[in-house]
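Chemist: target_29.tsv (TSV, C-alpha atoms) pasted underneath:
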```tsv
chain	number	residue	atom	x	y	z
A	1	MET	CA	86.94	122.24	109.94
A	2	ALA	CA	88.69	121.62	106.63
A	3	LEU	CA	89.60	118.63	104.46
A	4	PHE	CA	93.15	118.26	103.11
A	5	GLN	CA	94.42	115.96	100.38
A	6	ILE	CA	97.85	114.65	99.45
A	7	SER	CA	98.79	112.16	96.73
A	8	ASN	CA	101.53	110.28	94.98
A	9	ASP	CA	101.23	108.15	91.84
A	10	LYS	CA	99.97	105.16	93.88
A	11	ILE	CA	97.58	106.44	96.54
A	12	THR	CA	95.58	109.48	97.63
A	13	ILE	CA	94.52	110.30	101.17
A	14	GLN	CA	92.21	112.90	102.70
A	15	VAL	CA	92.62	114.15	106.27
A	16	GLU	CA	90.13	116.27	108.20
A	17	SER	CA	91.40	119.03	110.48
A	18	LYS	CA	88.93	117.98	113.19
A	19	GLY	CA	90.85	115.31	115.07
A	20	ALA	CA	93.51	115.28	112.31
A	21	GLU	CA	91.54	112.22	111.21
A	22	LEU	CA	92.35	110.15	108.13
A	23	ARG	CA	89.07	110.04	106.21
A	24	SER	CA	89.97	108.42	102.90
A	25	LEU	CA	92.62	106.17	101.39
A	26	LYS	CA	92.25	105.46	97.68
A	27	SER	CA	94.28	103.62	95.10
A	28	VAL	CA	95.10	105.99	92.24
A	29	PRO	CA	94.97	103.46	89.37
A	30	ASP	CA	91.42	102.25	90.05
A	31	ASN	CA	90.09	104.88	92.53
A	32	ARG	CA	89.20	102.11	95.00
A	33	GLU	CA	88.43	103.29	98.53
A	34	TYR	CA	89.87	101.32	101.46
A	35	MET	CA	88.62	103.33	104.46
A	36	TRP	CA	85.20	102.98	106.08
A	37	HIS	CA	83.01	105.96	105.16
A	38	GLY	CA	81.71	106.83	108.63
A	39	ASN	CA	78.03	105.92	108.35
A	40	PRO	CA	76.64	106.65	111.86
A	41	ALA	CA	74.18	103.76	111.51
A	42	PHE	CA	77.16	101.57	112.38
A	43	TRP	CA	79.90	103.96	113.56
A	44	GLY	CA	80.24	107.61	112.64
A	45	ARG	CA	84.02	107.84	112.76
A	46	VAL	CA	86.69	106.67	110.31
A	47	SER	CA	90.15	106.80	111.91
A	48	PRO	CA	90.21	108.80	115.16
A	49	VAL	CA	93.44	109.37	117.05
A	50	LEU	CA	93.01	108.33	120.69
A	51	PHE	CA	94.63	110.76	123.15
A	52	PRO	CA	95.34	111.24	126.05
A	53	ILE	CA	93.72	107.90	126.87
A	54	VAL	CA	92.97	104.74	124.93
A	55	GLY	CA	89.74	103.03	125.88
A	56	GLY	CA	87.71	103.89	128.95
A	57	LEU	CA	88.42	104.87	132.53
A	58	LYS	CA	86.99	103.03	135.50
A	59	ASP	CA	83.91	105.04	136.59
A	60	GLY	CA	84.71	107.52	133.79
A	61	ALA	CA	87.34	109.36	135.84
A	62	PHE	CA	90.95	109.32	136.94
A	63	ARG	CA	92.96	110.69	139.85
A	64	ALA	CA	96.12	112.76	139.56
A	65	ASP	CA	97.91	114.64	142.33
A	66	GLY	CA	94.95	114.38	144.69
A	67	ARG	CA	92.32	115.61	142.21
A	68	THR	CA	89.70	113.74	140.22
A	69	TYR	CA	89.13	114.39	136.52
A	70	SER	CA	86.33	113.11	134.30
A	71	MET	CA	87.00	112.03	130.73
A	72	GLY	CA	85.07	110.10	128.10
A	73	GLN	CA	86.27	107.04	126.23
A	74	HIS	CA	89.38	107.52	124.09
A	75	GLY	CA	90.03	111.08	125.29
A	76	PHE	CA	89.31	114.42	123.67
A	77	ALA	CA	91.80	114.93	120.81
A	78	ARG	CA	89.55	113.19	118.27
A	79	ASP	CA	86.90	115.90	118.75
A	80	MET	CA	89.20	118.94	118.67
A	81	GLU	CA	90.23	121.19	115.81
A	82	PHE	CA	93.89	120.77	114.84
A	83	GLN	CA	95.99	123.39	113.14
A	84	LEU	CA	97.75	122.69	109.86
A	85	LYS	CA	101.48	122.73	110.62
A	86	SER	CA	102.96	121.90	107.21
A	87	GLN	CA	102.02	120.38	103.87
A	88	VAL	CA	104.12	119.22	100.95
A	89	ALA	CA	103.32	116.90	98.06
A	90	ALA	CA	103.44	113.61	99.99
A	91	GLU	CA	103.45	114.62	103.68
A	92	ILE	CA	101.18	116.65	105.93
A	93	TRP	CA	101.33	117.56	109.63
A	94	PHE	CA	98.78	118.88	112.14
A	95	SER	CA	99.18	120.12	115.71
A	96	LEU	CA	97.10	120.51	118.85
A	97	SER	CA	98.21	122.32	122.01
A	98	SER	CA	96.81	122.10	125.51
A	99	ASP	CA	94.71	125.06	126.65
A	100	GLU	CA	92.50	126.11	129.54
A	101	GLU	CA	89.75	123.68	128.50
A	102	THR	CA	92.00	120.63	128.11
A	103	LEU	CA	93.70	121.36	131.44
A	104	LYS	CA	90.31	121.10	133.16
A	105	LYS	CA	90.03	117.50	131.91
A	106	TYR	CA	93.70	116.52	131.81
A	107	PRO	CA	96.17	118.46	133.97
A	108	TYR	CA	99.26	118.08	131.78
A	109	PRO	CA	100.50	120.71	129.27
A	110	PHE	CA	101.25	119.06	125.92
A	111	LEU	CA	101.75	119.55	122.21
A	112	LEU	CA	100.36	116.75	120.02
A	113	GLU	CA	101.50	116.54	116.41
A	114	ILE	CA	100.04	114.10	113.88
A	115	GLY	CA	101.57	113.49	110.46
A	116	TYR	CA	100.80	111.44	107.36
A	117	GLU	CA	103.49	110.53	104.83
A	118	LEU	CA	102.94	108.65	101.56
A	119	VAL	CA	105.61	106.16	100.49
A	120	GLU	CA	104.64	104.16	97.39
A	121	CYS	CA	101.45	102.25	98.44
A	122	THR	CA	101.94	102.97	102.15
A	123	VAL	CA	100.59	105.64	104.47
A	124	VAL	CA	102.93	106.22	107.41
A	125	VAL	CA	100.89	107.60	110.32
A	126	LYS	CA	103.14	109.54	112.71
A	127	TRP	CA	102.56	110.75	116.27
A	128	ARG	CA	104.65	113.14	118.29
A	129	VAL	CA	103.79	114.11	121.88
A	130	CYS	CA	105.82	116.95	123.41
A	131	ASN	CA	105.98	117.67	127.12
A	132	GLN	CA	105.26	121.36	127.68
A	133	ALA	CA	105.61	121.10	131.46
A	134	LYS	CA	108.58	121.22	133.81
A	135	GLU	CA	107.49	117.96	135.45
A	136	PRO	CA	106.75	114.54	133.85
A	137	ILE	CA	103.45	114.00	132.05
A	138	TRP	CA	101.58	110.74	131.50
A	139	PHE	CA	99.38	109.78	128.55
A	140	SER	CA	98.25	107.03	126.21
A	141	ILE	CA	97.92	107.29	122.44
A	142	GLY	CA	96.49	104.98	119.82
A	143	GLY	CA	95.01	104.61	116.38
A	144	HIS	CA	91.50	103.46	115.49
A	145	PRO	CA	91.44	103.14	111.66
A	146	ALA	CA	88.45	101.38	110.13
A	147	PHE	CA	88.89	99.54	106.83
A	148	LEU	CA	86.26	98.26	104.45
A	149	CYS	CA	85.60	94.55	104.88
A	150	PRO	CA	84.20	93.15	102.68
A	151	ILE	CA	85.93	95.18	100.01
A	152	ASP	CA	84.81	93.31	96.89
A	153	PRO	CA	81.18	93.35	95.66
A	154	GLY	CA	79.35	90.08	96.07
A	155	THR	CA	81.47	88.88	98.98
A	156	ASP	CA	80.58	88.50	102.65
A	157	GLN	CA	82.72	89.50	105.62
A	158	THR	CA	82.69	85.92	106.91
A	159	GLN	CA	84.63	84.89	103.80
A	160	TYR	CA	87.56	87.09	104.89
A	161	LYS	CA	90.39	86.45	107.33
A	162	LEU	CA	92.83	88.30	109.55
A	163	LEU	CA	96.47	87.37	108.94
A	164	PHE	CA	99.04	87.88	111.72
A	165	ASP	CA	102.83	87.66	111.70
A	166	GLU	CA	102.35	85.23	114.61
A	167	LYS	CA	101.60	81.74	113.29
A	168	GLU	CA	100.13	79.63	116.09
A	169	SER	CA	97.72	81.58	118.30
A	170	ILE	CA	96.72	84.99	119.61
A	171	GLU	CA	95.65	85.64	123.21
A	172	SER	CA	93.13	88.41	123.86
A	173	SER	CA	92.38	90.14	127.15
A	174	CYS	CA	88.61	90.05	127.64
A	175	ILE	CA	86.50	93.18	128.12
A	176	ALA	CA	83.30	93.54	130.14
A	177	GLY	CA	81.55	96.87	130.53
A	178	GLY	CA	84.37	98.62	128.70
A	179	LEU	CA	87.04	97.42	131.16
A	180	VAL	CA	89.55	94.56	131.06
A	181	ASN	CA	88.15	91.92	133.40
A	182	GLY	CA	91.22	89.73	133.96
A	183	GLU	CA	90.05	86.86	131.75
A	184	LYS	CA	91.88	85.72	128.60
A	185	LYS	CA	90.75	84.03	125.42
A	186	THR	CA	93.05	82.21	123.02
A	187	TYR	CA	92.36	82.21	119.27
A	188	PRO	CA	94.10	79.40	117.37
A	189	LEU	CA	95.59	80.45	114.04
A	190	ARG	CA	96.07	78.40	110.92
A	191	ASN	CA	99.24	79.53	109.15
A	192	GLY	CA	98.79	82.85	110.95
A	193	ALA	CA	95.18	83.32	109.81
A	194	LEU	CA	92.03	83.86	111.89
A	195	PRO	CA	88.64	83.59	110.14
A	196	ILE	CA	86.33	86.59	110.63
A	197	THR	CA	83.27	84.80	111.97
A	198	ALA	CA	79.85	86.38	112.51
A	199	ASP	CA	80.34	86.30	116.30
A	200	LEU	CA	84.03	87.28	116.50
A	201	PHE	CA	83.28	90.68	118.09
A	202	ASP	CA	80.18	89.78	120.12
A	203	ASP	CA	82.12	90.36	123.35
A	204	ASP	CA	83.69	93.64	122.14
A	205	ALA	CA	87.21	94.24	120.83
A	206	LEU	CA	90.06	91.77	120.81
A	207	VAL	CA	92.74	93.33	123.04
A	208	ILE	CA	96.10	91.78	122.16
A	209	GLU	CA	98.90	92.73	124.55
A	210	LYS	CA	102.60	92.04	125.16
A	211	ASP	CA	104.06	92.29	121.64
A	212	GLN	CA	102.28	89.19	120.34
A	213	ALA	CA	102.20	90.51	116.77
A	214	HIS	CA	103.31	93.57	114.81
A	215	SER	CA	101.57	93.04	111.48
A	216	VAL	CA	97.89	92.39	110.73
A	217	SER	CA	96.45	91.97	107.23
A	218	LEU	CA	92.93	91.77	105.88
A	219	VAL	CA	92.68	88.81	103.50
A	220	ARG	CA	90.23	88.38	100.63
A	221	PRO	CA	88.24	85.16	100.09
A	222	ASP	CA	90.86	84.12	97.48
A	223	GLY	CA	93.53	84.18	100.20
A	224	LYS	CA	95.28	87.35	99.05
A	225	PRO	CA	95.92	90.18	101.55
A	226	TYR	CA	94.59	93.53	100.34
A	227	LEU	CA	95.60	95.76	103.28
A	228	THR	CA	98.25	95.45	105.97
A	229	VAL	CA	98.81	97.44	109.17
A	230	GLU	CA	102.35	97.26	110.60
A	231	PHE	CA	103.35	98.76	113.94
A	232	ASP	CA	105.87	98.71	116.75
A	233	ALA	CA	103.24	99.28	119.46
A	234	PRO	CA	103.26	96.71	122.29
A	235	LEU	CA	99.52	96.10	122.08
A	236	PHE	CA	96.67	96.55	119.65
A	237	GLY	CA	92.95	96.09	119.26
A	238	ILE	CA	90.79	94.57	116.54
A	239	TRP	CA	87.17	95.68	116.53
A	240	SER	CA	83.91	95.93	114.69
A	241	PRO	CA	80.62	96.94	116.37
A	242	PRO	CA	79.22	93.91	118.20
A	243	LYS	CA	76.24	92.16	116.62
A	244	LYS	CA	75.75	94.80	113.89
A	245	LYS	CA	77.26	93.06	110.85
A	246	ALA	CA	79.13	96.29	110.19
A	247	PRO	CA	81.04	96.24	106.87
A	248	PHE	CA	84.39	97.26	108.31
A	249	ILE	CA	87.17	96.06	110.62
A	250	CYS	CA	89.35	98.28	112.80
A	251	ILE	CA	93.02	97.40	113.32
A	252	GLU	CA	94.26	99.63	116.14
A	253	PRO	CA	97.90	100.07	117.27
A	254	TRP	CA	97.95	101.26	120.89
A	255	TYR	CA	100.31	102.65	123.49
A	256	GLY	CA	97.76	102.19	126.28
A	257	ARG	CA	94.37	100.60	126.86
A	258	CYS	CA	91.24	100.79	129.00
A	259	ASP	CA	91.42	100.37	132.77
A	260	SER	CA	91.19	97.01	134.46
A	261	ALA	CA	87.97	96.41	136.37
A	262	ASP	CA	89.91	96.23	139.66
A	263	PHE	CA	92.13	99.30	139.04
A	264	GLU	CA	92.33	101.70	141.99
A	265	GLY	CA	95.49	103.68	141.31
A	266	GLU	CA	96.35	107.13	139.99
A	267	PHE	CA	96.54	108.06	136.32
A	268	LYS	CA	100.29	107.51	136.13
A	269	GLU	CA	99.83	103.95	137.44
A	270	ARG	CA	97.49	102.81	134.66
A	271	GLU	CA	98.78	99.80	132.72
A	272	TRP	CA	100.67	100.70	129.54
A	273	THR	CA	100.53	104.45	130.30
A	274	GLN	CA	103.45	106.36	128.80
A	275	GLU	CA	105.65	108.62	130.95
A	276	LEU	CA	107.36	111.58	129.30
A	277	SER	CA	109.84	113.42	131.52
A	278	GLY	CA	110.98	115.86	128.85
A	279	GLY	CA	111.39	116.24	125.13
A	280	SER	CA	109.05	114.19	122.95
A	281	PHE	CA	107.54	110.76	122.44
A	282	GLU	CA	107.44	109.61	118.81
A	283	ALA	CA	105.75	106.60	117.26
A	284	ALA	CA	104.32	105.54	113.92
A	285	TYR	CA	102.40	102.82	112.17
A	286	ARG	CA	102.03	101.92	108.49
A	287	ILE	CA	99.01	101.15	106.31
A	288	THR	CA	99.85	99.42	103.03
A	289	ILE	CA	97.40	98.49	100.28
A	290	ALA	CA	97.95	95.72	97.75
```
Now, as a test, write the supplied structure out as structure tokens.
Modeler:
Amino acid sequence: MALFQISNDKITIQVESKGAELRSLKSVPDNREYMWHGNPAFWGRVSPVLFPIVGGLKDGAFRADGRTYSMGQHGFARDMEFQLKSQVAAEIWFSLSSDEETLKKYPYPFLLEIGYELVECTVVVKWRVCNQAKEPIWFSIGGHPAFLCPIDPGTDQTQYKLLFDEKESIESSCIAGGLVNGEKKTYPLRNGALPITADLFDDDALVIEKDQAHSVSLVRPDGKPYLTVEFDAPLFGIWSPPKKKAPFICIEPWYGRCDSADFEGEFKEREWTQELSGGSFEAAYRITIA
């Protein structure tokens, strides 16, 4: 396990080889940290990459081609050692290949590449999944970055807001026992903003599907956004540990999500699962600080 750093004149990031996980994002002028620091008292991770599943499986297992495979929440890539592929001044790439152990959990040969590029005050997080098989493979992939909130001393999280590029309302799929239960909850927005109340995450993550928004900002008590996540993903999650008053918020672009409580199909039939017949799947999201 090793820690790598790249910088420009605006920002500096650190990425750990385990999980190719973004561990730090700092502003160069004032050395301010924007990422959660991974205190296990609340949540021991910072920005894991979720692969080959996002969320949990019904009964902790899936079926593929007549066989049953067990897998924990969010898959295994976040706990595996990645290899450094390339590093230049403002961009770094890591790679992970399937092996005998991954094939016991997930029967599809793959190459997963994760990159980070710095552009002014933005980190572009890049994913590339390559099919190493002759037949199609299926997977989900997602981000889980945790950002400090509150970020300013002397402020409380309930003074902050989430700002969406959707102005009127956001509909969340409800989760029970780690699975989508078929219920929906609508959150009215005021000029695109949703207050971060003390009970916002009491029922677990907000799961926002069907391209409802593609930009989410964290907004200070003075009304000014200090961090924005932009993405093309068709769904995303917003999460903080329920009932813990944890000082961070996760904004999570996803290509996939947890199973529905009534799901009975095979792995390739999971909602939002990606099919890759050949070549590669590529996606990215952007984290910008203000």
Chemist: Measuring atom to atom with all atoms listed in the file, identify which of A:Lys210, A:Lys10, A:Lys161, A:Lys245 is nearest to Trp272 (chain A).
Modeler: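 Residue with the minimum atom-to-atom distance to Trp272 (chain A): A:Lys210.
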Chemist: Which residues come within 10 Å of Gly182 (chain A), counting all atoms listed in the file, excluding same-chain residues fewer than 4 positions away, as an mmCIF file with C-alpha atoms, in the coordinates of the input?
Modeler:
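Dumped to part-v9.cif:
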```
data_model
loop_
_atom_site.group_PDB
_atom_site.id
_atom_site.type_symbol
_atom_site.label_atom_id
_atom_site.label_comp_id
_atom_site.auth_asym_id
_atom_site.auth_seq_id
_atom_site.Cartn_x
_atom_site.Cartn_y
_atom_site.Cartn_z
ATOM 1 C CA SER A 173 92.380 90.140 127.150
ATOM 2 C CA CYS A 174 88.610 90.050 127.640
ATOM 3 C CA ILE A 175 86.500 93.180 128.120
ATOM 4 C CA ALA A 176 83.300 93.540 130.140
ATOM 5 C CA SER A 260 91.190 97.010 134.460
ATOM 6 C CA ALA A 261 87.970 96.410 136.370
ATOM 7 C CA ASP A 262 89.910 96.230 139.660
#
```
Chemist: Suppose you want the space between CA of Leu57 (chain A) and CA of Lys268 (chain A); what is it in Å?
Modeler: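 Distance reported for this atom pair: 12.7 Å.
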Chemist: Restrict the calculation to all atoms listed in the file, then for each residue of region 153-266 of chain A with any atom at most 12 Å from an atom of region 125-138 of chain A give the closest atom pair and their distance in Å to one decimal, rows by chain and rising residue number, as CSV.
Modeler:
```
residue,atom,partner,partner_atom,distance
A:Val229,CA,A:Val125,CA,10.4
A:Glu230,CA,A:Val125,CA,10.4
A:Phe231,CA,A:Val125,CA,9.9
A:Asp232,CA,A:Lys126,CA,11.9
A:Ala233,CA,A:Trp127,CA,11.9
A:Glu252,CA,A:Val125,CA,11.9
A:Pro253,CA,A:Val125,CA,10.7
A:Trp254,CA,A:Trp127,CA,11.5
A:Tyr255,CA,A:Trp127,CA,11.1
A:Gly256,CA,A:Trp138,CA,10.7
A:Glu266,CA,A:Trp138,CA,10.6
```
Chemist: Using all atoms of region 98-103 of chain A that appear in the file, construct an axis-aligned enclosing box with 6 Å of padding on every side and provide its centre coordinates and edge lengths in Å, rounded to one decimal, as AutoDock Vina command-line options.
Modeler:
```
--center_x 93.3 --center_y 123.4 --center_z 128.5 --size_x 19.1 --size_y 17.5 --size_z 17.9
```
Chemist: So which residues fall inside 12 Å of (99.8, 123.4, 109.9) if we count all atoms listed in the file? Mind giving them as a PyMOL selection string?
Modeler: chain A and resi 2+4+17+20+81-88+91-96+113-115
Chemist: Go through A:Ser70, A:Thr12, A:Ser98, A:Thr197 and flag the residue nearest Gln157 (chain A), using all atoms listed in the file for the distances.
Modeler: A:Thr197
Chemist: Point out the residue among A:Phe76, A:Phe51, A:Phe201, A:Trp43 with the least atom-to-atom distance to Gln274 (chain A), counting all atoms listed in the file.
Modeler: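 Comparing A:Phe76, A:Phe51, A:Phe201, A:Trp43 against Gln274 (chain A), the winner is A:Phe51.
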Chemist: So that I can see what lies close to Ala90 (chain A), please list as a PyMOL selection string the residues with an atom at most 12 Å from it, counting all atoms listed in the file and leaving out residues fewer than 3 positions away in the same chain.
Modeler: chain A and resi 4-14+86-87+93+115-124
Chemist: Go ahead and dump the residues you just picked, C-alpha atoms, as a compact mmCIF listing (two decimals), in the coordinates of the input.
Modeler:
```
# COMPACT_ATOMS: atom_id res chain seq x y z
CA PHE A 4 93.15 118.26 103.11
CA GLN A 5 94.42 115.96 100.38
CA ILE A 6 97.85 114.65 99.45
CA SER A 7 98.79 112.16 96.73
CA ASN A 8 101.53 110.28 94.98
CA ASP A 9 101.23 108.15 91.84
CA LYS A 10 99.97 105.16 93.88
CA ILE A 11 97.58 106.44 96.54
CA THR A 12 95.58 109.48 97.63
CA ILE A 13 94.52 110.30 101.17
CA GLN A 14 92.21 112.90 102.70
CA SER A 86 102.96 121.90 107.21
CA GLN A 87 102.02 120.38 103.87
CA TRP A 93 101.33 117.56 109.63
CA GLY A 115 101.57 113.49 110.46
CA TYR A 116 100.80 111.44 107.36
CA GLU A 117 103.49 110.53 104.83
CA LEU A 118 102.94 108.65 101.56
CA VAL A 119 105.61 106.16 100.49
CA GLU A 120 104.64 104.16 97.39
CA CYS A 121 101.45 102.25 98.44
CA THR A 122 101.94 102.97 102.15
CA VAL A 123 100.59 105.64 104.47
CA VAL A 124 102.93 106.22 107.41
```
